[in-house]
Amino acid sequence: MTELVLARAQMAMLFAFHILFAVAGIGMPVLMVIAEGAHLRTGKPVYAELARRWGRGTAVLFAVGAVSGTVLSFELGLLWPRFMEFAGGVIGLPFALEGFAFFTEAIFLGIYVYGWEKVSPRLHLAAGCLVALGGILSGVFVVSANAWMNSPAGFTLIAGRPANVSPLAVMANPAWKTETIHMTLAAFAASGFAVAGIHAFRLLREPRNGFHRVALGIALSVGGVAAVLQPISGDLSARFVARNQPVKLAAMEGQFPTQRGAPLRIGGLPDAAEETTRYALEIPRGLSLLAFHDADAEVVGLSAFPRDERPNPVPVHLAFQVMVACGIALAAVGAAGAILGWKRRERLFSRPFLCAVVACGPLGLLAVEAGWVVTELGRQPWVIHKVMRTSDAVTPVGGLALPFAFFTLIYLVLGVFAARLLRKELGASPFFPAGEGDSPTAPGEV
């Protein structure tokens with residue numbers, strides 16, 4: 001394997017692992033803050049117990065994410081030195097701000113986890129709010145740097161080098177709004193449904209346990225609202241891509257010919273050699289309508305671009321289909337949960353609905369992974385769109401097979417470590433009578 005393939009494979013593995021913990025760092029603090037706020041408002045101990053447990057879970061995920069993120073930051077310099085040499089001085093501000101947000105989150109997470117009896121309830125809740133704010137801002141700053149790679153702005157290219165850099169203009173690049181909104185909602189949806197799926201699974205075994213009922217209600221509220229709002233964000237993102245990265249849109253949709261009234265494809269397998277997408281269900285004029293809000297709009301196809309400037313449409317199209325399918329499923333279950341909760345709350349805990357929530361538990365995380373595949377592979381062959389090719393950014397040093405195996409092993413160990421700690425935390429849950437919120441009477445075993 002070439003250095004380029006190994007470097008890309010290693011970064012893909014690192015990102016795929018780290019992004020799960022980054023998503024948890026955005027979504028989990030919001031859940032624990034909502035639970036503690038409910039405790040202060042109602043005085044029911046079930047909410048306090050839930051906030052404590054979610055706080056400890058957040059701390060575990062944060063610790064593992066901190067380790068994997070540190071490795072990732074070193075790998076940027078080791079695997080992509082030419083990229084960092086070119087872009088380091090341009091995107092330094094969002095990464096610096098991300099570091100500030102990260103340490104803010106870490107400091108107040110320590111206060112939150114260990115300060116239950118040491119600070120006042122309102123100050124403790126304020127610490128939790130700052131943890132949540134730090135997590136959200138950390139994600140926003142990192143995604144703004146990635147958005148710059150998709151829509152570079154805020155500098156002048158002179159003799160192949162960036163000059164006249166405006167750090168604020170770099171952060172406020174054309175893609176940052178759509179990307180940060182989309183990613184933040186995705187983090188809330190993924191975290192909310194992952195947690196809801198766990199508690200729904202426990203409710204299938206302990207249907208009268210009020211602890212899991214309360215947890216399911218909070219997690220499903222956060223995840224469901226985000227999932228229902230996500231299609232709006234997705235529409236904004238798709239329209240931006242259609243205007244600014246038409247080749248990515250063509251790869252996402254498996255659209256080879258330039259065409260007015262282009263169809264929307266559901267499923268299908270792109271064939272780059274024959275320049276067609278086989279086996280797809282086509283909705284006439286659907287792509288033109290969704291991308292440009294005009295059923296007769298022209299969509300530029302992959303055939304309009306040189307072959308060496310096209311992303312591979314197979315993984316991009318398939319990942320996009322997976323992301324959309326997962327998003328639709330989450331939005332449907334979220335909307336159904338809202339209707340059930342409004343009309344007859346007890347039906348939220350019926351077996352059919354609980355099974356649907358359990359099935360949706362991993363879909364948010366799968367959608368996040370698929371979305372990043374679309375974002376990164378859809379930009380290829382550019383690491384910075386229309387500025388630097390990926391092949392020009394990689395390290396010229398060989399021998400990457402051993403580091404790839406080494407870091408894969410490290411991340412495997414980290415994953416097992418996190419899973420064991422979380423399983424220990426979730427292995428025994430308190431029992432609260434359904435609808436009462438009294439003190440726990442007995443633990444429920446897995």
# chains A, B, ... in the order shown; residues from 1 in each chain; ligands from 1
>>> residues_around(residues="range 410-423 of chain A", least_positions_apart="2", cutoff="12 Å", atoms="only C-alpha atoms", output="PyMOL selection string")
chain A and resi 10+13-18+20-21+53-72+195+198+403-408+425-429+445-446
>>> residues_around(residues="Ala189 in chain A", least_positions_apart="6", cutoff="6 Å", atoms="only C-alpha atoms", output="MDAnalysis selection string")
chainID A and resid 223 226:227
>>> select_by_dssp(residues="range 260-291 of chain A", states="helix (DSSP H, G or I)", output="ChimeraX atom specification")
/A:286-291
>>> closest_residue(among="A:Val300, A:Ala194, A:Met323, A:Met252", to="Cys360 in chain A", atoms="only C-alpha atoms")
A:Ala194
>>> residues_around(residues="Ala126 in chain A", least_positions_apart="3", cutoff="10 Å", atoms="only C-alpha atoms", output="list in words")
Val33, Gly37, Phe108, Tyr112, Ser120, Pro121, Arg122, Leu123, Cys129, Leu130, Val131 and Ala132 of chain A
>>> residues_around(residues="Pro81 in chain A", least_positions_apart="2", cutoff="12 Å", atoms="only C-alpha atoms", output="PyMOL selection string")
chain A and resi 7+73-79+83-88+390-397
>>> write_last_selection(atoms="C-alpha atoms", output="mmCIF file, in the first residue's frame")
data_model
loop_
_atom_site.group_PDB
_atom_site.id
_atom_site.type_symbol
_atom_site.label_atom_id
_atom_site.label_comp_id
_atom_site.auth_asym_id
_atom_site.auth_seq_id
_atom_site.Cartn_x
_atom_site.Cartn_y
_atom_site.Cartn_z
ATOM 1 C CA ALA A 7 -2.222 7.733 5.805
ATOM 2 C CA SER A 73 -3.845 16.023 16.889
ATOM 3 C CA PHE A 74 -0.347 14.491 16.774
ATOM 4 C CA GLU A 75 -1.277 12.416 13.755
ATOM 5 C CA LEU A 76 -2.248 15.532 11.817
ATOM 6 C CA GLY A 77 1.335 16.716 12.052
ATOM 7 C CA LEU A 78 2.915 13.294 11.510
ATOM 8 C CA LEU A 79 0.796 12.090 8.593
ATOM 9 C CA PHE A 83 -1.159 20.280 5.016
ATOM 10 C CA MET A 84 -0.252 21.586 8.473
ATOM 11 C CA GLU A 85 2.604 23.632 7.044
ATOM 12 C CA PHE A 86 0.191 25.301 4.637
ATOM 13 C CA ALA A 87 -2.930 25.539 6.794
ATOM 14 C CA GLY A 88 -1.589 25.667 10.366
ATOM 15 C CA THR A 390 -4.633 15.220 -0.726
ATOM 16 C CA SER A 391 -1.677 13.623 -2.505
ATOM 17 C CA ASP A 392 0.317 16.837 -1.984
ATOM 18 C CA ALA A 393 -0.446 16.988 1.738
ATOM 19 C CA VAL A 394 0.693 13.544 2.876
ATOM 20 C CA THR A 395 4.011 12.756 4.551
ATOM 21 C CA PRO A 396 6.758 11.632 2.144
ATOM 22 C CA VAL A 397 8.121 9.203 4.750
#
>>> select_by_dssp(residues="range 232-334 of chain A", states="strand (DSSP E)", output="list in words")
Gln259, Arg260, Leu264, Arg265, Ile266, Leu269, Pro270, Asp271, Thr276, Thr277, Arg278, Leu281, Glu282, Ile283, Glu298 and Val299 of chain A
>>> closest_residue(among="A:Arg347, A:Asp294, A:His317, A:Ile218", to="Gly267 in chain A", atoms="only C-alpha atoms")
A:His317
>>> residues_around(residues="Asn312 in chain A", least_positions_apart="2", cutoff="10 Å", atoms="only C-alpha atoms", output="list in words")
Lys248, Ala251, Met252, Pro270, Asp271, Ala272, Arg307, Glu309, Arg310, Val314, Pro315, Val316, His317, Leu377, Gly378, Arg379, Gln380 and Pro381 of chain A
>>> closest_residue(among="A:Val299, A:Leu229, A:Ala331, A:Ala215", to="Gln255 in chain A", atoms="only C-alpha atoms")
A:Val299
>>> closest_atom_pairs(of="range 9-42 of chain A", to="range 141-149 of chain A", cutoff="12 Å", atoms="only C-alpha atoms", output="Markdown table")
| residue | atom | partner | partner_atom | distance |
| --- | --- | --- | --- | --- |
| A:Ile19 | CA | A:Val142 | CA | 11.2 |
| A:Ala22 | CA | A:Val142 | CA | 10.2 |
| A:Val23 | CA | A:Val143 | CA | 11.9 |
>>> decode(residues="range 394-408 of chain A", atoms="N, CA and C atoms", output="compact mmCIF listing (two decimals), in the first residue's frame")
# COMPACT_ATOMS: atom_id res chain seq x y z
N VAL A 394 0.29 14.69 2.07
CA VAL A 394 0.69 13.54 2.88
C VAL A 394 2.19 13.57 3.16
N THR A 395 2.60 12.86 4.22
CA THR A 395 4.01 12.76 4.55
C THR A 395 4.76 11.97 3.48
N PRO A 396 5.97 12.39 3.13
CA PRO A 396 6.76 11.63 2.14
C PRO A 396 7.47 10.43 2.75
N VAL A 397 7.41 10.29 4.06
CA VAL A 397 8.12 9.20 4.75
C VAL A 397 7.30 7.92 4.66
N GLY A 398 7.95 6.81 4.37
CA GLY A 398 7.27 5.53 4.28
C GLY A 398 7.22 4.81 5.61
N GLY A 399 6.87 3.53 5.57
CA GLY A 399 6.83 2.71 6.78
C GLY A 399 5.66 3.03 7.68
N LEU A 400 4.48 3.28 7.11
CA LEU A 400 3.31 3.65 7.92
C LEU A 400 2.51 2.43 8.37
N ALA A 401 2.85 1.25 7.88
CA ALA A 401 2.07 0.07 8.25
C ALA A 401 2.17 -0.22 9.74
N LEU A 402 3.37 -0.10 10.33
CA LEU A 402 3.54 -0.37 11.76
C LEU A 402 2.79 0.64 12.63
N PRO A 403 2.92 1.96 12.37
CA PRO A 403 2.12 2.91 13.16
C PRO A 403 0.62 2.66 13.02
N PHE A 404 0.18 2.28 11.82
CA PHE A 404 -1.24 1.99 11.63
C PHE A 404 -1.69 0.86 12.56
N ALA A 405 -0.92 -0.22 12.61
CA ALA A 405 -1.26 -1.34 13.48
C ALA A 405 -1.18 -0.93 14.95
N PHE A 406 -0.19 -0.11 15.30
CA PHE A 406 0.00 0.31 16.69
C PHE A 406 -1.18 1.14 17.18
N PHE A 407 -1.57 2.14 16.39
CA PHE A 407 -2.66 3.02 16.82
C PHE A 407 -4.00 2.30 16.76
N THR A 408 -4.14 1.36 15.85
CA THR A 408 -5.36 0.55 15.84
C THR A 408 -5.48 -0.22 17.14
